[in-house]
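Colleague: Just passing along the structure, written as structure tokens.
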Amino acid sequence: MPQGGDPAMWQKALKIHRSAIIVDGHNDITSPMTDEDFDLSMDSRTRKTRNGDAMHTDISRFKAGGMTGEFMSIYVGGETFTTGGSMRRAMDLIDATYREAEKHDDLIMCSTAAEIRRAKRQGKICLLMGIEGGYAIENSLHGLRNFYRLGVRYMTLTHNVTHDWADAHGDQPKHDGLSEFGKEVVREMNRLGMLVDISHVSENTMSDVLDVTKAPLIASHSGARAINSHTRNVPDSILKRLPQNGGVIMVVFYPSFLDERTRDETAARSARLRDQISQLRERFKDDPAGFIKAQADLMAANPVHITDYKRIVDHIDHIKKVAGIDHIGLGSDFDGLDILPAPMKGVEDLPLITYEMLRRGYTEQEIRKVLGENFLRAFEQAERVAGSRQISGQGSLKKLAPPKLN
Ligand SMILES: [Zn+2]
């Protein structure tokens with residue numbers, strides 16, 4: 001229970017939370033699973049990543065947090081766009097995800113909304129997959145289709161770099177949004193039933209996606225730009241188009257995306273300590289663990305304001321006001337963040353968000369929508385769009401323009 005919370009309201013929040021379907025849009029535990037042999041049955045509370053960050057996810061924490069469906073991020077780093085190897089990297093992460101489901105009875109691979117609902121009844125935790133970084137298809141619609149066949153159910157069109165067919169947030173635009181091939185990718189995702197994810201893309205790309213897509217879009221881990229004007233967040237101009245599109249903004253937990261003060265103080269601290277960190281890196285160049293410890297000590301001696309979990313609900317409130325209650329979800333970015341909103345430590349703390357919504361007067365039905373039902377509705381809608389286009393013969397393979405490099 002949150003400090004100073006109301007015990008009766010906490011019990012009511014837990015009751016709603018335990019019975020609800022909970023879907024989270026984005027979890028990066030797949031990277032340590034692939035690179036550090038992290039197994040989801042391990043106790044992640046007692047471990048740190050190789051960067052020295054606290055971990056947020058394991059099976060026991062999924063259970064404590066009431067997770068029904070977790071989107072495991074098939075995250076492909078922006079550098080692979082130039083170095084090559086992005087499709088191979090995605091394959092490795094997909095395999096790591098399947099292996100966890102094969103090893104542990106508590107987990108099950110899911111790729112449809114119906115499977116998520118069934119897993120809830122069976123008391124299992126669904127692993128779903130979303131690709132982060134559209135260059136993972138290596139400019140090939142064939143690659144895209146094969147990822148769908150492997151069970152990938154969303155693709156974030158970019159990460160932080162603009163690539164051959166889509167502009168990213170915070171990078172130089174090359175296409176004024178989506179290129180013609182980028183629009184073909186969106187149409188083919190519609191035809192397959194793979195959700196288009198607008199987290200990380202530029203505002204013009206978001207707008208182009210809305211112009212082209214026949215299915216609801218998602219932002220798998222983004223906030224509202226009106227609350228914090230970060231380019232990773234979704235502006236009101238896009239939120240206003242959601243009722244027509246049916247899409248869902250799954251609110252991210254990263255303190256710097258949630259809160260202006262956290263973001264400003266963190267950026268100022270990075271600038272202030274840059275020289276000292278370079279000196280530490282030099283001093284500990286043969287001792288990576290020593291460097292991580294020294295850097296952590298330096299950060300602890302220079303604390304910044306870290307926003308709390310209530311700020312997540314400020315973003316939920318705003319999206320509700322502009323787009324409506326049907327267009328909000330949760331997209332934590334667990335294990336993709338060095339820090340969570342206070343006092344959250346990991347997946348087990350999801351009930352805090354349910355409590356805060358209840359405290360602010362959200363009805364049980366509204367809370368269920370945010371926790372998972374909105375995502376399921378959008379996913380089911382995307383499944384219907386896929387089916388209808390196959391029956392009509394639209395989007396036939398012959399009609400698709402061959403992939404071309406810009
Ligand atoms: Zn991301």
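Chain labels A, B, ... are given in the sequence in which chains occur in the structure tokens; within each chain residues are numbered consecutively from 1, and ligands are likewise numbered from 1 in the order shown.
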Per residue of chain A within 12 Å of ligand 1, note the shortest atom pair and the distance in Å to one decimal, counting only C-alpha atoms and all ligand atoms, and order the rows by chain and increasing residue number, as a tab-separated table.
Modeller:
residue	atom	partner	partner_atom_place_in_ligand_line	distance
A:Gly25	CA	ligand 1	1 (Zn)	10.5
A:His26	CA	ligand 1	1 (Zn)	7.9
A:Asn27	CA	ligand 1	1 (Zn)	9.1
A:Asp28	CA	ligand 1	1 (Zn)	8.6
A:Met72	CA	ligand 1	1 (Zn)	11.7
A:Ser73	CA	ligand 1	1 (Zn)	8.6
A:Ile74	CA	ligand 1	1 (Zn)	10.4
A:Tyr75	CA	ligand 1	1 (Zn)	7.9
A:Val76	CA	ligand 1	1 (Zn)	10.0
A:Gly77	CA	ligand 1	1 (Zn)	10.0
A:Gly78	CA	ligand 1	1 (Zn)	10.9
A:Gly130	CA	ligand 1	1 (Zn)	11.0
A:Ile131	CA	ligand 1	1 (Zn)	10.2
A:Glu132	CA	ligand 1	1 (Zn)	6.9
A:Gly133	CA	ligand 1	1 (Zn)	8.8
A:Met155	CA	ligand 1	1 (Zn)	11.3
A:Thr156	CA	ligand 1	1 (Zn)	8.4
A:Leu157	CA	ligand 1	1 (Zn)	10.9
A:Thr158	CA	ligand 1	1 (Zn)	9.2
A:His159	CA	ligand 1	1 (Zn)	6.5
A:Asn160	CA	ligand 1	1 (Zn)	8.2
A:Val161	CA	ligand 1	1 (Zn)	11.6
A:Ala168	CA	ligand 1	1 (Zn)	11.5
A:His169	CA	ligand 1	1 (Zn)	11.3
A:Asp197	CA	ligand 1	1 (Zn)	10.6
A:Ile198	CA	ligand 1	1 (Zn)	10.4
A:Ser199	CA	ligand 1	1 (Zn)	7.0
A:His200	CA	ligand 1	1 (Zn)	6.6
A:Val201	CA	ligand 1	1 (Zn)	10.3
A:Ala219	CA	ligand 1	1 (Zn)	10.1
A:Ser220	CA	ligand 1	1 (Zn)	8.4
A:His221	CA	ligand 1	1 (Zn)	6.7
A:Ser222	CA	ligand 1	1 (Zn)	8.5
A:Gly223	CA	ligand 1	1 (Zn)	11.9
A:Arg232	CA	ligand 1	1 (Zn)	8.9
A:Asn233	CA	ligand 1	1 (Zn)	11.3
A:Val251	CA	ligand 1	1 (Zn)	11.9
A:Val252	CA	ligand 1	1 (Zn)	9.3
A:Phe253	CA	ligand 1	1 (Zn)	11.2
A:Tyr254	CA	ligand 1	1 (Zn)	10.0
A:Phe257	CA	ligand 1	1 (Zn)	11.1
A:Gly331	CA	ligand 1	1 (Zn)	9.9
A:Ser332	CA	ligand 1	1 (Zn)	10.0
A:Asp333	CA	ligand 1	1 (Zn)	7.0
A:Phe334	CA	ligand 1	1 (Zn)	10.3
A:Asp335	CA	ligand 1	1 (Zn)	10.7
A:Gly336	CA	ligand 1	1 (Zn)	7.3
A:Leu337	CA	ligand 1	1 (Zn)	9.3
Colleague: Keeping N, CA and C atoms, export the residues of the selection given above as a short mmCIF file (atom, residue, chain, number, x, y, z; two decimals), in the first residue's frame.
Modeller:
data_model
loop_
_atom_site.label_atom_id
_atom_site.label_comp_id
_atom_site.auth_asym_id
_atom_site.auth_seq_id
_atom_site.Cartn_x
_atom_site.Cartn_y
_atom_site.Cartn_z
N GLY A 25 2.66 -2.94 -22.54
CA GLY A 25 3.09 -2.78 -23.93
C GLY A 25 4.56 -2.98 -24.21
N HIS A 26 5.41 -2.97 -23.17
CA HIS A 26 6.84 -2.96 -23.51
C HIS A 26 7.71 -3.38 -22.33
N ASN A 27 8.51 -4.44 -22.53
CA ASN A 27 9.44 -4.89 -21.50
C ASN A 27 10.74 -5.33 -22.17
N ASP A 28 11.84 -4.77 -21.69
CA ASP A 28 13.16 -5.02 -22.31
C ASP A 28 13.97 -6.10 -21.61
N MET A 72 7.19 -8.65 -24.83
CA MET A 72 8.64 -8.74 -24.74
C MET A 72 9.20 -7.95 -25.92
N SER A 73 10.07 -7.00 -25.63
CA SER A 73 10.57 -6.15 -26.70
C SER A 73 11.66 -6.87 -27.49
N ILE A 74 11.40 -6.99 -28.79
CA ILE A 74 12.44 -7.49 -29.70
C ILE A 74 13.17 -6.24 -30.17
N TYR A 75 14.02 -5.74 -29.28
CA TYR A 75 14.67 -4.44 -29.49
C TYR A 75 15.97 -4.61 -30.28
N VAL A 76 16.01 -3.90 -31.39
CA VAL A 76 17.17 -3.96 -32.28
C VAL A 76 17.80 -2.57 -32.28
N GLY A 77 19.03 -2.47 -31.81
CA GLY A 77 19.70 -1.17 -31.64
C GLY A 77 19.84 -0.41 -32.96
N GLY A 78 19.73 0.93 -32.86
CA GLY A 78 19.81 1.78 -34.04
C GLY A 78 21.10 1.62 -34.81
N GLY A 130 6.89 -7.74 -29.62
CA GLY A 130 6.83 -6.57 -30.49
C GLY A 130 8.24 -6.18 -30.89
N ILE A 131 8.44 -5.92 -32.16
CA ILE A 131 9.76 -5.49 -32.64
C ILE A 131 9.91 -3.99 -32.40
N GLU A 132 11.06 -3.58 -31.88
CA GLU A 132 11.35 -2.16 -31.68
C GLU A 132 12.47 -1.78 -32.63
N GLY A 133 12.12 -1.05 -33.70
CA GLY A 133 13.11 -0.67 -34.72
C GLY A 133 12.76 -1.31 -36.05
N MET A 155 5.04 -3.69 -34.36
CA MET A 155 6.38 -3.22 -34.72
C MET A 155 6.43 -1.71 -34.51
N THR A 156 7.42 -1.28 -33.71
CA THR A 156 7.69 0.14 -33.54
C THR A 156 8.46 0.56 -34.79
N LEU A 157 7.91 1.51 -35.55
CA LEU A 157 8.46 1.74 -36.88
C LEU A 157 9.91 2.21 -36.87
N THR A 158 10.29 2.96 -35.83
CA THR A 158 11.70 3.36 -35.71
C THR A 158 12.15 3.08 -34.28
N HIS A 159 13.48 3.22 -34.01
CA HIS A 159 13.89 3.49 -32.63
C HIS A 159 14.28 4.97 -32.67
N ASN A 160 15.50 5.33 -32.22
CA ASN A 160 15.81 6.76 -32.18
C ASN A 160 16.50 7.28 -33.43
N VAL A 161 16.63 6.44 -34.47
CA VAL A 161 17.26 6.91 -35.71
C VAL A 161 16.27 6.84 -36.88
N ALA A 168 12.38 9.25 -37.37
CA ALA A 168 12.31 9.05 -35.92
C ALA A 168 12.17 10.39 -35.21
N HIS A 169 11.70 10.34 -33.97
CA HIS A 169 11.67 11.56 -33.13
C HIS A 169 13.12 11.98 -32.87
N ASP A 197 3.17 0.54 -34.22
CA ASP A 197 3.53 1.22 -32.97
C ASP A 197 4.21 2.55 -33.29
N ILE A 198 3.63 3.65 -32.76
CA ILE A 198 4.17 4.98 -33.05
C ILE A 198 5.07 5.54 -31.95
N SER A 199 5.43 4.72 -30.94
CA SER A 199 6.44 5.20 -29.99
C SER A 199 7.74 5.39 -30.77
N HIS A 200 8.51 6.41 -30.43
CA HIS A 200 9.82 6.69 -31.05
C HIS A 200 9.75 7.36 -32.42
N VAL A 201 8.60 7.44 -33.08
CA VAL A 201 8.59 8.05 -34.42
C VAL A 201 8.37 9.56 -34.31
N ALA A 219 0.76 3.24 -29.24
CA ALA A 219 2.07 3.71 -28.82
C ALA A 219 2.42 2.77 -27.67
N SER A 220 3.41 1.90 -27.86
CA SER A 220 3.64 0.82 -26.88
C SER A 220 4.25 1.34 -25.59
N HIS A 221 4.92 2.50 -25.64
CA HIS A 221 5.51 3.06 -24.41
C HIS A 221 5.82 4.55 -24.63
N SER A 222 4.77 5.39 -24.48
CA SER A 222 4.90 6.84 -24.66
C SER A 222 3.95 7.54 -23.69
N GLY A 223 4.22 8.82 -23.45
CA GLY A 223 3.33 9.62 -22.62
C GLY A 223 2.62 10.67 -23.45
N ARG A 232 9.43 12.12 -27.38
CA ARG A 232 8.99 10.73 -27.28
C ARG A 232 7.50 10.63 -26.94
N ASN A 233 6.92 11.74 -26.52
CA ASN A 233 5.51 11.71 -26.10
C ASN A 233 4.58 12.11 -27.26
N VAL A 251 0.88 4.12 -21.60
CA VAL A 251 1.69 5.15 -20.94
C VAL A 251 2.98 4.57 -20.34
N VAL A 252 4.08 5.21 -20.72
CA VAL A 252 5.43 4.78 -20.30
C VAL A 252 5.68 5.19 -18.85
N PHE A 253 6.63 4.50 -18.18
CA PHE A 253 6.92 4.81 -16.77
C PHE A 253 8.24 5.58 -16.62
N TYR A 254 8.92 5.90 -17.69
CA TYR A 254 10.26 6.50 -17.56
C TYR A 254 10.14 7.91 -16.97
N PHE A 257 10.47 10.94 -19.21
CA PHE A 257 9.39 11.17 -20.19
C PHE A 257 8.11 11.65 -19.49
N GLY A 331 2.32 0.98 -20.73
CA GLY A 331 3.50 0.52 -21.50
C GLY A 331 4.78 0.85 -20.74
N SER A 332 5.02 0.06 -19.69
CA SER A 332 6.02 0.41 -18.68
C SER A 332 7.41 0.74 -19.21
N ASP A 333 7.94 -0.10 -20.12
CA ASP A 333 9.37 -0.09 -20.46
C ASP A 333 10.21 -0.65 -19.31
N PHE A 334 9.65 -1.58 -18.53
CA PHE A 334 10.42 -2.25 -17.48
C PHE A 334 11.70 -2.81 -18.08
N ASP A 335 12.77 -2.71 -17.34
CA ASP A 335 14.09 -3.22 -17.72
C ASP A 335 14.67 -2.53 -18.95
N GLY A 336 14.01 -1.46 -19.41
CA GLY A 336 14.61 -0.58 -20.41
C GLY A 336 14.95 0.75 -19.76
N LEU A 337 14.74 0.85 -18.43
CA LEU A 337 14.90 2.11 -17.70
C LEU A 337 15.92 1.92 -16.58
#
Colleague: When you look at A:Thr213 with a cut-off of 7 Å (counting only C-alpha atoms), what residues show up, excluding the ones that are within fewer than 2 positions of it in the same chain? I need them as a list in words.
Modeller: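 Contacts, with the query itself left out: Val186, Arg187, Asn190, Val209, Leu210, Asp211 and Ala215 of chain A.
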Colleague: Could you turn the residues from that selection into a file that holds N, CA and C atoms, as a short mmCIF file (atom, residue, chain, number, x, y, z; two decimals), in the first residue's frame?
Modeller:
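Saved as again35.cif:
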data_model
loop_
_atom_site.label_atom_id
_atom_site.label_comp_id
_atom_site.auth_asym_id
_atom_site.auth_seq_id
_atom_site.Cartn_x
_atom_site.Cartn_y
_atom_site.Cartn_z
N VAL A 186 3.10 -0.21 -43.61
CA VAL A 186 1.91 -0.06 -42.76
C VAL A 186 0.73 -0.86 -43.35
N ARG A 187 0.53 -0.76 -44.66
CA ARG A 187 -0.58 -1.50 -45.29
C ARG A 187 -0.40 -3.00 -45.11
N ASN A 190 -1.25 -4.00 -41.63
CA ASN A 190 -2.72 -4.09 -41.54
C ASN A 190 -3.21 -5.42 -42.09
N VAL A 209 0.97 7.62 -40.43
CA VAL A 209 0.42 6.31 -40.06
C VAL A 209 -1.10 6.42 -39.94
N LEU A 210 -1.58 7.49 -39.27
CA LEU A 210 -3.03 7.65 -39.11
C LEU A 210 -3.73 7.81 -40.45
N ASP A 211 -3.05 8.47 -41.41
CA ASP A 211 -3.66 8.65 -42.73
C ASP A 211 -3.78 7.32 -43.48
N ALA A 215 -6.30 -0.07 -39.39
CA ALA A 215 -6.45 -0.70 -38.07
C ALA A 215 -6.00 0.27 -36.99
#
Colleague: Enumerate the residues of stretch 177-318 of chain A with a DSSP assignment of strand (DSSP E), computed from the backbone, and present them as a list in words.
Modeller: Leu195, Val196, Asp197, Ile218, Ala219, Ser220, His221, Ser222, Val248, Ile249, Met250 and Val251 of chain A
Colleague: Go ahead and write the selection's residues with N, CA and C atoms as an mmCIF file, in the first residue's frame.
Modeller:
data_model
loop_
_atom_site.group_PDB
_atom_site.id
_atom_site.type_symbol
_atom_site.label_atom_id
_atom_site.label_comp_id
_atom_site.auth_asym_id
_atom_site.auth_seq_id
_atom_site.Cartn_x
_atom_site.Cartn_y
_atom_site.Cartn_z
ATOM 1 N N LEU A 195 0.104 -4.858 -35.250
ATOM 2 C CA LEU A 195 -0.187 -3.477 -34.864
ATOM 3 C C LEU A 195 0.991 -2.559 -35.198
ATOM 4 N N VAL A 196 0.661 -1.357 -35.661
ATOM 5 C CA VAL A 196 1.677 -0.340 -35.932
ATOM 6 C C VAL A 196 1.900 0.460 -34.651
ATOM 7 N N ASP A 197 3.174 0.536 -34.218
ATOM 8 C CA ASP A 197 3.525 1.223 -32.969
ATOM 9 C C ASP A 197 4.208 2.553 -33.288
ATOM 10 N N ILE A 218 -0.999 1.647 -31.973
ATOM 11 C CA ILE A 218 -0.664 1.775 -30.552
ATOM 12 C C ILE A 218 0.584 2.638 -30.428
ATOM 13 N N ALA A 219 0.757 3.236 -29.239
ATOM 14 C CA ALA A 219 2.074 3.705 -28.816
ATOM 15 C C ALA A 219 2.420 2.769 -27.673
ATOM 16 N N SER A 220 3.406 1.898 -27.864
ATOM 17 C CA SER A 220 3.638 0.822 -26.882
ATOM 18 C C SER A 220 4.255 1.335 -25.592
ATOM 19 N N HIS A 221 4.918 2.501 -25.637
ATOM 20 C CA HIS A 221 5.509 3.065 -24.411
ATOM 21 C C HIS A 221 5.815 4.548 -24.629
ATOM 22 N N SER A 222 4.773 5.387 -24.477
ATOM 23 C CA SER A 222 4.900 6.838 -24.657
ATOM 24 C C SER A 222 3.946 7.539 -23.693
ATOM 25 N N VAL A 248 -4.580 3.081 -29.068
ATOM 26 C CA VAL A 248 -4.330 3.113 -27.623
ATOM 27 C C VAL A 248 -2.918 3.620 -27.341
ATOM 28 N N ILE A 249 -2.823 4.645 -26.474
ATOM 29 C CA ILE A 249 -1.521 5.129 -26.013
ATOM 30 C C ILE A 249 -1.212 4.428 -24.703
ATOM 31 N N MET A 250 -0.172 3.608 -24.709
ATOM 32 C CA MET A 250 0.192 2.824 -23.528
ATOM 33 C C MET A 250 1.263 3.624 -22.784
ATOM 34 N N VAL A 251 0.884 4.119 -21.603
ATOM 35 C CA VAL A 251 1.692 5.154 -20.939
ATOM 36 C C VAL A 251 2.976 4.571 -20.339
#
Colleague: For each of A:Gly372, A:Gly52, A:Pro2, A:Gly134, take the minimum atom-to-atom distance to A:Phe181, counting only C-alpha atoms, then give the residue where this is smallest.
Modeller: A:Gly134
Colleague: Closest to A:Lys369 among A:Thr354, A:Gln11, A:Thr262, A:Gln279, using only C-alpha atoms?
Modeller: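 Distance minimum relative to A:Lys369 lands on A:Thr354.
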Colleague: Determine which residues of stretch 64-296 of chain A receive a DSSP assignment of helix (DSSP H, G or I), computed from the backbone, and state them as a PyMOL selection string.
Modeller: chain A and resi 64-65+80-83+86-103+113-122+134-137+141-149+180-192+203-212+236-239+242-245+255-258+260-283+288-296
Colleague: Find, counting only C-alpha atoms, the residue in A:Ile29, A:Gly84, A:Ala64, A:Ile316 that gets nearest to A:Tyr362.
Modeller: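 For A:Tyr362, the nearest of the given residues is A:Ile316.
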Colleague: For the atom pair atom CA of A:Glu380 and atom CA of A:Ala113, what is the interatomic distance in Å to one decimal place?
Modeller: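 Going from atom CA of A:Glu380 over to atom CA of A:Ala113 covers 6.1 Å.
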Colleague: Counting only C-alpha atoms, what is within 10 Å of A:Asn374, bar same-chain residues fewer than 4 positions away, as number ranges by chain?
Modeller: A: 23, 246-250, 325-330, 366, 368-370, 378-380
Colleague: What does the file look like for those residues with C-alpha atoms, as an mmCIF file, in the first residue's frame?
Modeller:
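And here is the file that came out, result.cif:
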data_model
loop_
_atom_site.group_PDB
_atom_site.id
_atom_site.type_symbol
_atom_site.label_atom_id
_atom_site.label_comp_id
_atom_site.auth_asym_id
_atom_site.auth_seq_id
_atom_site.Cartn_x
_atom_site.Cartn_y
_atom_site.Cartn_z
ATOM 1 C CA VAL A 23 -1.432 -6.107 -20.619
ATOM 2 C CA GLY A 246 -9.477 3.262 -32.211
ATOM 3 C CA GLY A 247 -5.841 3.304 -31.110
ATOM 4 C CA VAL A 248 -4.330 3.113 -27.623
ATOM 5 C CA ILE A 249 -1.521 5.129 -26.013
ATOM 6 C CA MET A 250 0.192 2.824 -23.528
ATOM 7 C CA ILE A 325 -11.036 6.600 -21.647
ATOM 8 C CA ASP A 326 -11.048 4.042 -24.496
ATOM 9 C CA HIS A 327 -7.616 5.071 -25.758
ATOM 10 C CA ILE A 328 -5.315 4.528 -22.756
ATOM 11 C CA GLY A 329 -3.143 1.594 -21.731
ATOM 12 C CA LEU A 330 0.069 0.807 -19.843
ATOM 13 C CA GLU A 366 -12.595 2.515 -16.587
ATOM 14 C CA ARG A 368 -10.137 -2.350 -16.419
ATOM 15 C CA LYS A 369 -10.029 -0.549 -19.752
ATOM 16 C CA VAL A 370 -6.706 1.106 -18.940
ATOM 17 C CA ALA A 378 -7.666 -2.558 -30.453
ATOM 18 C CA PHE A 379 -5.923 -5.901 -31.011
ATOM 19 C CA GLU A 380 -9.218 -7.616 -31.871
#
Colleague: Report as a PyMOL selection string all protein, DNA and RNA residues lying within 7 Å of stretch 119-126 of chain A, evaluated on only C-alpha atoms, omitting residues in the same chain fewer than 6 positions from it.
Modeller: chain A and resi 21+67-70+106-110
Colleague: May I have the selected residues written with C-alpha atoms, as a short mmCIF file (atom, residue, chain, number, x, y, z; two decimals), in the first residue's frame?
Modeller:
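See selection.cif below for the written result:
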data_model
loop_
_atom_site.label_atom_id
_atom_site.label_comp_id
_atom_site.auth_asym_id
_atom_site.auth_seq_id
_atom_site.Cartn_x
_atom_site.Cartn_y
_atom_site.Cartn_z
CA ILE A 21 -6.68 -8.61 -17.55
CA MET A 67 0.48 -9.51 -15.25
CA THR A 68 -1.62 -11.29 -17.88
CA GLY A 69 0.16 -10.35 -21.12
CA GLU A 70 3.64 -8.87 -21.39
CA ASP A 106 3.76 -20.43 -15.77
CA LEU A 107 4.47 -18.86 -19.16
CA ILE A 108 2.83 -19.31 -22.54
CA MET A 109 3.47 -17.75 -25.94
CA CYS A 110 0.41 -15.82 -27.16
#
Colleague: Pick from A:Met9, A:Tyr355, A:Lys345, A:Ala294: nearest to A:Lys310, with only C-alpha atoms counted?
Modeller: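 Closest candidate: A:Tyr355.
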Colleague: Using only C-alpha atoms, which residues sit within 8 Å of A:Leu178 once same-chain residues fewer than 6 positions away are excluded, as JSON, numbers by chain?
Modeller: {"A": [165, 166, 167, 204, 205, 208, 209]}
Colleague: Grab the residues selected above and save them as a compact mmCIF listing (two decimals), in the first residue's frame with N, CA and C atoms.
Modeller:
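The new file selection23.txt reads:
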# COMPACT_ATOMS: atom_id res chain seq x y z
N TRP A 165 12.90 4.33 -44.46
CA TRP A 165 11.49 4.56 -44.82
C TRP A 165 10.66 5.24 -43.75
N ALA A 166 11.26 5.62 -42.62
CA ALA A 166 10.47 6.31 -41.59
C ALA A 166 11.36 7.26 -40.79
N ASP A 167 10.81 8.43 -40.45
CA ASP A 167 11.52 9.41 -39.62
C ASP A 167 11.29 9.14 -38.14
N ASN A 204 5.36 13.78 -37.73
CA ASN A 204 4.86 13.59 -39.10
C ASN A 204 4.65 12.11 -39.42
N THR A 205 5.53 11.25 -38.87
CA THR A 205 5.33 9.82 -39.09
C THR A 205 4.04 9.36 -38.42
N ASP A 208 1.26 10.40 -40.66
CA ASP A 208 1.19 9.57 -41.88
C ASP A 208 0.58 8.20 -41.57
N VAL A 209 0.97 7.62 -40.43
CA VAL A 209 0.42 6.31 -40.06
C VAL A 209 -1.10 6.42 -39.94
Colleague: Compile the contact shell of A:Met33 as a list in words: residues with an atom at most 9 Å away, counting only C-alpha atoms, same-chain residues fewer than 3 positions apart removed.
Modeller: Ile29, Thr30, Glu36, Asp37, Phe38, Asp39, Leu40, Leu93, Ala96, Thr97 and Glu100 of chain A
Colleague: Give me a file of those residues, with N, CA and C atoms, as an mmCIF file, in the first residue's frame.
Modeller:
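Done, and the output landed in out_29.cif:
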data_model
loop_
_atom_site.group_PDB
_atom_site.id
_atom_site.type_symbol
_atom_site.label_atom_id
_atom_site.label_comp_id
_atom_site.auth_asym_id
_atom_site.auth_seq_id
_atom_site.Cartn_x
_atom_site.Cartn_y
_atom_site.Cartn_z
ATOM 1 N N ILE A 29 13.348 -6.934 -20.793
ATOM 2 C CA ILE A 29 14.097 -8.006 -20.130
ATOM 3 C C ILE A 29 14.680 -8.985 -21.164
ATOM 4 N N THR A 30 14.126 -8.957 -22.380
ATOM 5 C CA THR A 30 14.623 -9.835 -23.458
ATOM 6 C C THR A 30 16.105 -9.625 -23.750
ATOM 7 N N GLU A 36 22.860 -12.149 -21.342
ATOM 8 C CA GLU A 36 23.455 -12.482 -20.044
ATOM 9 C C GLU A 36 22.882 -13.774 -19.488
ATOM 10 N N ASP A 37 22.200 -14.564 -20.341
ATOM 11 C CA ASP A 37 21.596 -15.822 -19.896
ATOM 12 C C ASP A 37 20.667 -15.627 -18.706
ATOM 13 N N PHE A 38 20.025 -14.462 -18.621
ATOM 14 C CA PHE A 38 19.058 -14.278 -17.544
ATOM 15 C C PHE A 38 17.849 -15.158 -17.821
ATOM 16 N N ASP A 39 17.413 -15.895 -16.789
ATOM 17 C CA ASP A 39 16.261 -16.784 -16.906
ATOM 18 C C ASP A 39 15.150 -16.199 -16.037
ATOM 19 N N LEU A 40 13.929 -16.184 -16.566
ATOM 20 C CA LEU A 40 12.826 -15.518 -15.851
ATOM 21 C C LEU A 40 12.459 -16.198 -14.533
ATOM 22 N N LEU A 93 16.568 -12.573 -30.182
ATOM 23 C CA LEU A 93 15.663 -12.179 -29.094
ATOM 24 C C LEU A 93 14.362 -12.983 -29.141
ATOM 25 N N ALA A 96 15.100 -16.317 -27.659
ATOM 26 C CA ALA A 96 15.231 -16.239 -26.191
ATOM 27 C C ALA A 96 13.845 -16.210 -25.549
ATOM 28 N N THR A 97 12.892 -15.526 -26.197
ATOM 29 C CA THR A 97 11.529 -15.441 -25.665
ATOM 30 C C THR A 97 10.849 -16.815 -25.704
ATOM 31 N N GLU A 100 12.052 -19.249 -22.980
ATOM 32 C CA GLU A 100 11.487 -19.055 -21.635
ATOM 33 C C GLU A 100 10.127 -19.742 -21.517
#
Colleague: Quick one: everything within 10 Å of A:Thr266, counting only C-alpha atoms, minus sequence neighbours fewer than 2 positions away in the same chain. Send it as a list in words.
Modeller: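 That gives Pro255, Ser256, Glu260, Arg261, Thr262, Arg263, Asp264, Ala268, Arg269, Ser270, Ala271, Arg272, Asn302, Pro303, Val304, His305 and Ile306 of chain A.
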Colleague: Can you work out which one of A:Asp349, A:Asp275, A:Glu188, A:Glu373 has the shortest atom-to-atom distance to A:Val385, counting only C-alpha atoms?
Modeller: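 Of A:Asp349, A:Asp275, A:Glu188, A:Glu373, the one nearest A:Val385 is A:Glu188, counting only C-alpha atoms.
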Colleague: Using only C-alpha atoms, can you tell me which of A:Met189, A:Pro32, A:Leu150, A:Asp6 comes closest to A:Lys48?
Modeller: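 Comparing A:Met189, A:Pro32, A:Leu150, A:Asp6 against A:Lys48, the winner is A:Pro32.
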Colleague: Mind giving me the straight-line distance from atom CA of A:Ala54 to atom CA of A:Ser229 in Å, one decimal?
Modeller: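 Between atom CA of A:Ala54 and atom CA of A:Ser229 the gap is 27.2 Å.
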Colleague: What does the distance between atom CA of A:Arg359 and atom CA of A:Asn228 come to in Å, to one decimal place?
Modeller: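 Interatomic distance here is 22.9 Å.
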